[in-house]
Amino acid sequence: MSKKASLEYDPKSAWEVYKSKKHVKAMDDMAARYVEFLSTCKTERLVMDYVRAAVEKAGFKDDLTADLAYRFNRNKTCFLARKGKRPLSEGYRLIGAHADCPRLDLKQRPLYEDSEICLAKTHYYGGIRKYQWLTIPLALHGTVALKSGKEVTVCIGEDPADPVLTITDLLPHLAYKEVVKKVQDAFEAEKLNLILGQSPASSGKKGEDEAKEPVKRKILEILNKKYGIDEADFFSAEMQAVPAGPARYVGLDSALIGGYGHDDRSSVFCGLEALLAEPEPEYCQIVLFWDKEEIGSEGATGAKSLFFEYCMEELVEAWEPGARLSTVFMNGSALSADVSAAMDPDHKDVYEPLNAARLGYGPCFNKFTGHRGKVGANDAHPDYIGWLRNILDHAGVPWQMSELGKVDVGGGGTVAKFLAVYGMDVIDVGVSVLCMHSPFELAAKADIYATTLAFREFLKN
């Protein structure tokens with residue numbers, strides 16, 4: 001390469017970097033695991049079940065005094081830690097991601113009957129485009145806490161033999177008024193109601209009053225027979241309507257993976273794979289998976305909670321008694337693992353091509369997120385970015401720097417700023433995604449592979 005050519009930046013495609021038979025096989029094997037993970041883990045609770053099984057198999061214990069430790073919080077968030085060769089006060093490598101995704105939550109009193117159809121009222125969770133959730137197959141997942149203290153797990157619509165749910169939309173013959181409305185006016189949140197059934201309950205025994213809402217009664221009978229729940233049990237339930245069915249390979253070359261929940265379960269998957277693949281670190285490894293990021297990281301299981309801080313207090317007390325917690329925090333290095341928006345060839349007008357993420361070019365680093373003037377952003381420090389560049393380039397891992405669209409078009413946020421408050425270095429990084437927040441997002445399997453390898457380099461350096 002000439003001296004002149006070497007002065008210019010030339011992005012590297014992950015497909016080109018990993019074209020050897022060894023890498024292609026490893027990539028395909030990882031993609032198969034990821035498809036299974038994405039197909040199975042449709043809620044944050046199911047993600048936590050998957051994580052717990054994986055780390056327990058690897059020897060992690062529910063004990064923050066152990067060298068391989070974990071702590072789960074309400075089965076919606078978790079803290080994983082592996083002891084390094086160096087003292088905790090000299091630093092740690094942290095990967096933080098969120099396990100929740102946009103969806104439709106059932107209201108606490110959801111069931112009603114109208115026009116001899118039983119429906120369920122919903123409240124959307126996170127940023128969705130409402131029209132994308134109409135007339136598609138939906139599954140129902142949830143946890144019901146009975147008064148007795150028993151918990152009941154609900155899953156309807158994932159087994160091919162199961163019925164699915166859906167939300168209706170108006171036929172084009174009668175939608176002349178709707179087509180001239182703005183999108184925000186044409187699709188009303190209160191009309192995102194799930195179709196649950198249409199056949200009435202059988203007539204009661206002689207002398208019994210007939211049900212005033214026989215179709216609703218029939219649905220309640222079905223739920224009671226299968227799960228032992230009644231209508232009042234919805235008051236203490238978390239029920240989520242999510243896209244039904246498995247993730248799928250997309251494209252004639254099967255290079256893309258389509259499914260629900262790339263944002264941000266791809267980061268959970270890559271972070272967990274990386275942690276389990278690097279068992280002898282120089283510095284302590286910490287992996288955090290949170291809930292509630294899609295609604296601002298609020299609540300006891302979100303990144304704004306003190307769960308991380310409480311776990312670190314116990315870890316310091318067990319691993320390095322007498323060390324100052326503030327010193328430990330300040331010496332940490334973190335990756336806020338979250339997806340970025342890949343440039344869409346059909347909507348290039350909202351992207352700035354020089355700084356837009358591209359599918360197939362490895363993990364995307366975002367120096368800042370936020371919106372319009374970097375409001376609400378963590379702005380990563382250049383010395384930290386320089387260190388990351390060095391370790392990834394030395395390892396031959398392709399990566400890219402990106403931002404979320406044109407400056408005045410929009411924006412978004414991540415958990416980075418909630419980690420940065422402790423004084424640690426942190427930057428956003430993750431897989432680039434098309435159709436983000438839709439029921440069927442797209443990611444390149446080369447990016448899943450490259451992101452996992454990038455996380456491994458970070459955790460072991």
# chains A, B, ... in the order shown; residues from 1 in each chain; ligands from 1

$ residues_around --residues "A:Ala323" --least-positions-apart "4" --cutoff "9 Å" --atoms "only C-alpha atoms" --output "PyMOL selection string"
chain A and resi 88-89+316-317+327-328

$ closest_atom_pairs --of "stretch 267-370 of chain A" --to "stretch 125-143 of chain A" --cutoff "10 Å" --atoms "only C-alpha atoms" --output "Markdown table"
| residue | atom | partner | partner_atom | distance |
| --- | --- | --- | --- | --- |
| A:Lys292 | CA | A:Gly126 | CA | 8.8 |
| A:Glu293 | CA | A:Gly126 | CA | 8.6 |
| A:Glu294 | CA | A:Gly126 | CA | 4.9 |
| A:Ile295 | CA | A:Gly126 | CA | 5.4 |
| A:Gly296 | CA | A:Gly126 | CA | 8.9 |

$ select_by_dssp --residues "stretch 192-347 of chain A" --states "helix (DSSP H, G or I)" --output "MDAnalysis selection string"
chainID A and resid 214:227 231:236 262:277 293:295 307:319 325:330

$ write_last_selection --atoms "C-alpha atoms" --output "PDB file, in the first residue's frame"
ATOM      1  CA  PRO A 214     -70.857 -15.346  26.161  1.00  0.00           C
ATOM      2  CA  VAL A 215     -67.778 -15.010  23.931  1.00  0.00           C
ATOM      3  CA  LYS A 216     -65.756 -13.380  26.712  1.00  0.00           C
ATOM      4  CA  ARG A 217     -67.007 -16.145  29.048  1.00  0.00           C
ATOM      5  CA  LYS A 218     -65.766 -18.765  26.581  1.00  0.00           C
ATOM      6  CA  ILE A 219     -62.275 -17.197  26.555  1.00  0.00           C
ATOM      7  CA  LEU A 220     -62.206 -17.064  30.356  1.00  0.00           C
ATOM      8  CA  GLU A 221     -63.212 -20.740  30.477  1.00  0.00           C
ATOM      9  CA  ILE A 222     -60.345 -21.634  28.125  1.00  0.00           C
ATOM     10  CA  LEU A 223     -57.811 -19.663  30.183  1.00  0.00           C
ATOM     11  CA  ASN A 224     -59.104 -21.144  33.424  1.00  0.00           C
ATOM     12  CA  LYS A 225     -58.917 -24.680  32.109  1.00  0.00           C
ATOM     13  CA  LYS A 226     -55.390 -24.258  30.730  1.00  0.00           C
ATOM     14  CA  TYR A 227     -53.822 -22.013  33.371  1.00  0.00           C
ATOM     15  CA  GLU A 231     -60.394 -12.377  35.144  1.00  0.00           C
ATOM     16  CA  ALA A 232     -59.294 -10.824  38.449  1.00  0.00           C
ATOM     17  CA  ASP A 233     -55.887 -12.493  38.116  1.00  0.00           C
ATOM     18  CA  PHE A 234     -55.014 -10.073  35.314  1.00  0.00           C
ATOM     19  CA  PHE A 235     -54.639  -7.410  38.019  1.00  0.00           C
ATOM     20  CA  SER A 236     -51.425  -9.129  39.170  1.00  0.00           C
ATOM     21  CA  HIS A 262     -32.571  -7.622  17.772  1.00  0.00           C
ATOM     22  CA  ASP A 263     -32.826  -4.384  19.790  1.00  0.00           C
ATOM     23  CA  ASP A 264     -31.331  -5.201  22.152  1.00  0.00           C
ATOM     24  CA  ARG A 265     -31.217  -8.949  22.592  1.00  0.00           C
ATOM     25  CA  SER A 266     -28.452  -9.120  19.995  1.00  0.00           C
ATOM     26  CA  SER A 267     -26.222  -7.299  22.523  1.00  0.00           C
ATOM     27  CA  VAL A 268     -27.308  -9.655  25.301  1.00  0.00           C
ATOM     28  CA  PHE A 269     -26.436 -12.653  23.144  1.00  0.00           C
ATOM     29  CA  CYS A 270     -23.062 -11.261  22.008  1.00  0.00           C
ATOM     30  CA  GLY A 271     -22.145 -10.147  25.527  1.00  0.00           C
ATOM     31  CA  LEU A 272     -22.989 -13.512  27.045  1.00  0.00           C
ATOM     32  CA  GLU A 273     -21.147 -15.442  24.320  1.00  0.00           C
ATOM     33  CA  ALA A 274     -18.078 -13.241  24.833  1.00  0.00           C
ATOM     34  CA  LEU A 275     -18.110 -13.628  28.616  1.00  0.00           C
ATOM     35  CA  LEU A 276     -18.310 -17.426  28.435  1.00  0.00           C
ATOM     36  CA  ALA A 277     -15.511 -17.550  25.832  1.00  0.00           C
ATOM     37  CA  GLU A 293     -34.420   0.722  28.697  1.00  0.00           C
ATOM     38  CA  GLU A 294     -37.131   1.219  26.108  1.00  0.00           C
ATOM     39  CA  ILE A 295     -39.116   3.392  28.532  1.00  0.00           C
ATOM     40  CA  PHE A 307     -28.908  -2.520  41.662  1.00  0.00           C
ATOM     41  CA  PHE A 308     -25.499  -2.244  39.954  1.00  0.00           C
ATOM     42  CA  GLU A 309     -24.124  -0.157  42.798  1.00  0.00           C
ATOM     43  CA  TYR A 310     -25.398  -2.559  45.449  1.00  0.00           C
ATOM     44  CA  CYS A 311     -23.793  -5.513  43.654  1.00  0.00           C
ATOM     45  CA  MET A 312     -20.493  -3.661  43.353  1.00  0.00           C
ATOM     46  CA  GLU A 313     -20.512  -2.866  47.075  1.00  0.00           C
ATOM     47  CA  GLU A 314     -20.773  -6.571  47.881  1.00  0.00           C
ATOM     48  CA  LEU A 315     -18.174  -7.496  45.272  1.00  0.00           C
ATOM     49  CA  VAL A 316     -15.618  -5.022  46.635  1.00  0.00           C
ATOM     50  CA  GLU A 317     -16.242  -6.163  50.196  1.00  0.00           C
ATOM     51  CA  ALA A 318     -15.661  -9.801  49.179  1.00  0.00           C
ATOM     52  CA  TRP A 319     -12.825  -9.451  46.661  1.00  0.00           C
ATOM     53  CA  LEU A 325     -15.871   1.968  45.937  1.00  0.00           C
ATOM     54  CA  SER A 326     -15.388   5.327  44.220  1.00  0.00           C
ATOM     55  CA  THR A 327     -11.859   4.298  43.142  1.00  0.00           C
ATOM     56  CA  VAL A 328     -13.154   1.040  41.722  1.00  0.00           C
ATOM     57  CA  PHE A 329     -15.885   2.810  39.753  1.00  0.00           C
ATOM     58  CA  MET A 330     -13.555   5.492  38.387  1.00  0.00           C
TER      59      MET A 330
END

$ atom_distance --atom1 "atom CA of A:His123" --atom2 "atom CA of A:Pro110"
9.8 Å

$ residues_around --residues "A:Tyr18" --least-positions-apart "4" --cutoff "10 Å" --atoms "only C-alpha atoms" --output "list in words"
Ser13, Ala14, Lys22, His23, Val24, Lys25, Ala26, Met27, Gly396, Val397, Pro398, Ala446, Tyr449 and Ala450 of chain A

$ write_last_selection --atoms "C-alpha atoms" --output "compact mmCIF listing (two decimals), in the first residue's frame"
# COMPACT_ATOMS: atom_id res chain seq x y z
CA SER A 13 -16.40 -5.41 5.43
CA ALA A 14 -16.79 -8.19 7.99
CA LYS A 22 -12.82 -21.53 9.60
CA HIS A 23 -14.53 -18.21 10.19
CA VAL A 24 -17.51 -19.00 7.94
CA LYS A 25 -18.22 -22.19 9.90
CA ALA A 26 -17.86 -20.39 13.24
CA MET A 27 -20.12 -17.60 11.97
CA GLY A 396 -8.11 -7.71 13.15
CA VAL A 397 -11.73 -7.16 14.20
CA PRO A 398 -13.67 -4.99 11.71
CA ALA A 446 -21.48 -11.27 9.99
CA TYR A 449 -20.10 -12.65 14.76
CA ALA A 450 -17.83 -9.58 14.57

$ closest_residue --among "A:Lys304, A:Lys367, A:Lys182, A:His347" --to "A:Trp290" --atoms "only C-alpha atoms"
A:Lys304

$ residues_around --residues "A:Val421" --least-positions-apart "2" --cutoff "12 Å" --atoms "only C-alpha atoms" --output "ChimeraX atom specification"
/A:303-304,309,326,329-330,332,334,377-379,415-419,423-426

$ atom_distance --atom1 "atom CA of A:Asp63" --atom2 "atom CA of A:Ile286"
14.3 Å

$ atom_distance --atom1 "atom CA of A:Ser340" --atom2 "atom CA of A:Val407"
15.0 Å

$ select_by_dssp --residues "stretch 240-395 of chain A" --states "strand (DSSP E or B)" --output "NGL selection string"
:A and (240-243 or 248-250 or 256-259 or 284-290 or 333-337 or 340-342 or 357 or 364-366 or 370-371 or 375)
